[in-house]
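Peer 1: Here's a structure for you.
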Amino acid sequence: MSEFLSRRGAVLILCLMSVLVLLTGMSRVSVPDAPMSSRALWRIDLAKASLPELQLLPGIGPVLAARLEAWRRRGENLDALDDLLDIHGIGPRTIRSLQPLVSVTASSSPDEFKNED
């Protein structure tokens, strides 16, 4: 019986020590400064993206993607992200949410966006 009690006591002490180690270790867990979703591993080039690619972006559905594509086809310059403010339905909040997810290369020519059909 005393062997059982000493084993039980040892198990209890081991459990308490494990809990103590876990609790003190938890205070040392680092928390990232920014949410992981704001750190994009890839960027969509707004000057060349297709409609389906544009729709992958938050806040850009079929309607805004079509407006952006029509805007590019009209030959509007897309030199900076703020140029998108000319498109109805895109405002400063949308620009801020897109900033970590997109890139803007200088648009080639307006003909680049026209269908060859």
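Starting from 1 in every chain, residues are counted up; chains themselves are A, B, ... following the order of the structure tokens, and ligands are numbered from 1 as listed.
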Applying 12 Å and only C-alpha atoms, which residues near Glu53 in chain A remain after dropping the ones on its own chain fewer than 3 positions away? List them as a PyMOL selection string.

Peer 2: chain A and resi 42-50+56-58+60-62+65-66+68-69+101-102

Peer 1: Between A:Leu85, A:Ala80, A:Leu14, A:Leu64, which is the closest to Leu51 in chain A once you count only C-alpha atoms?

Peer 2: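 Using only C-alpha atoms, Leu51 in chain A sits closest to A:Leu64.
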
Peer 1: Just give me the gap between CA of Gly89 in chain A and CA of Ser103 in chain A in Å, one decimal is fine.

Peer 2: 19.5 Å

Peer 1: What separation in Å, quoted to one decimal, exists between CA of Gly75 in chain A and CA of Ile87 in chain A?

Peer 2: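 So the answer is 13.1 Å.
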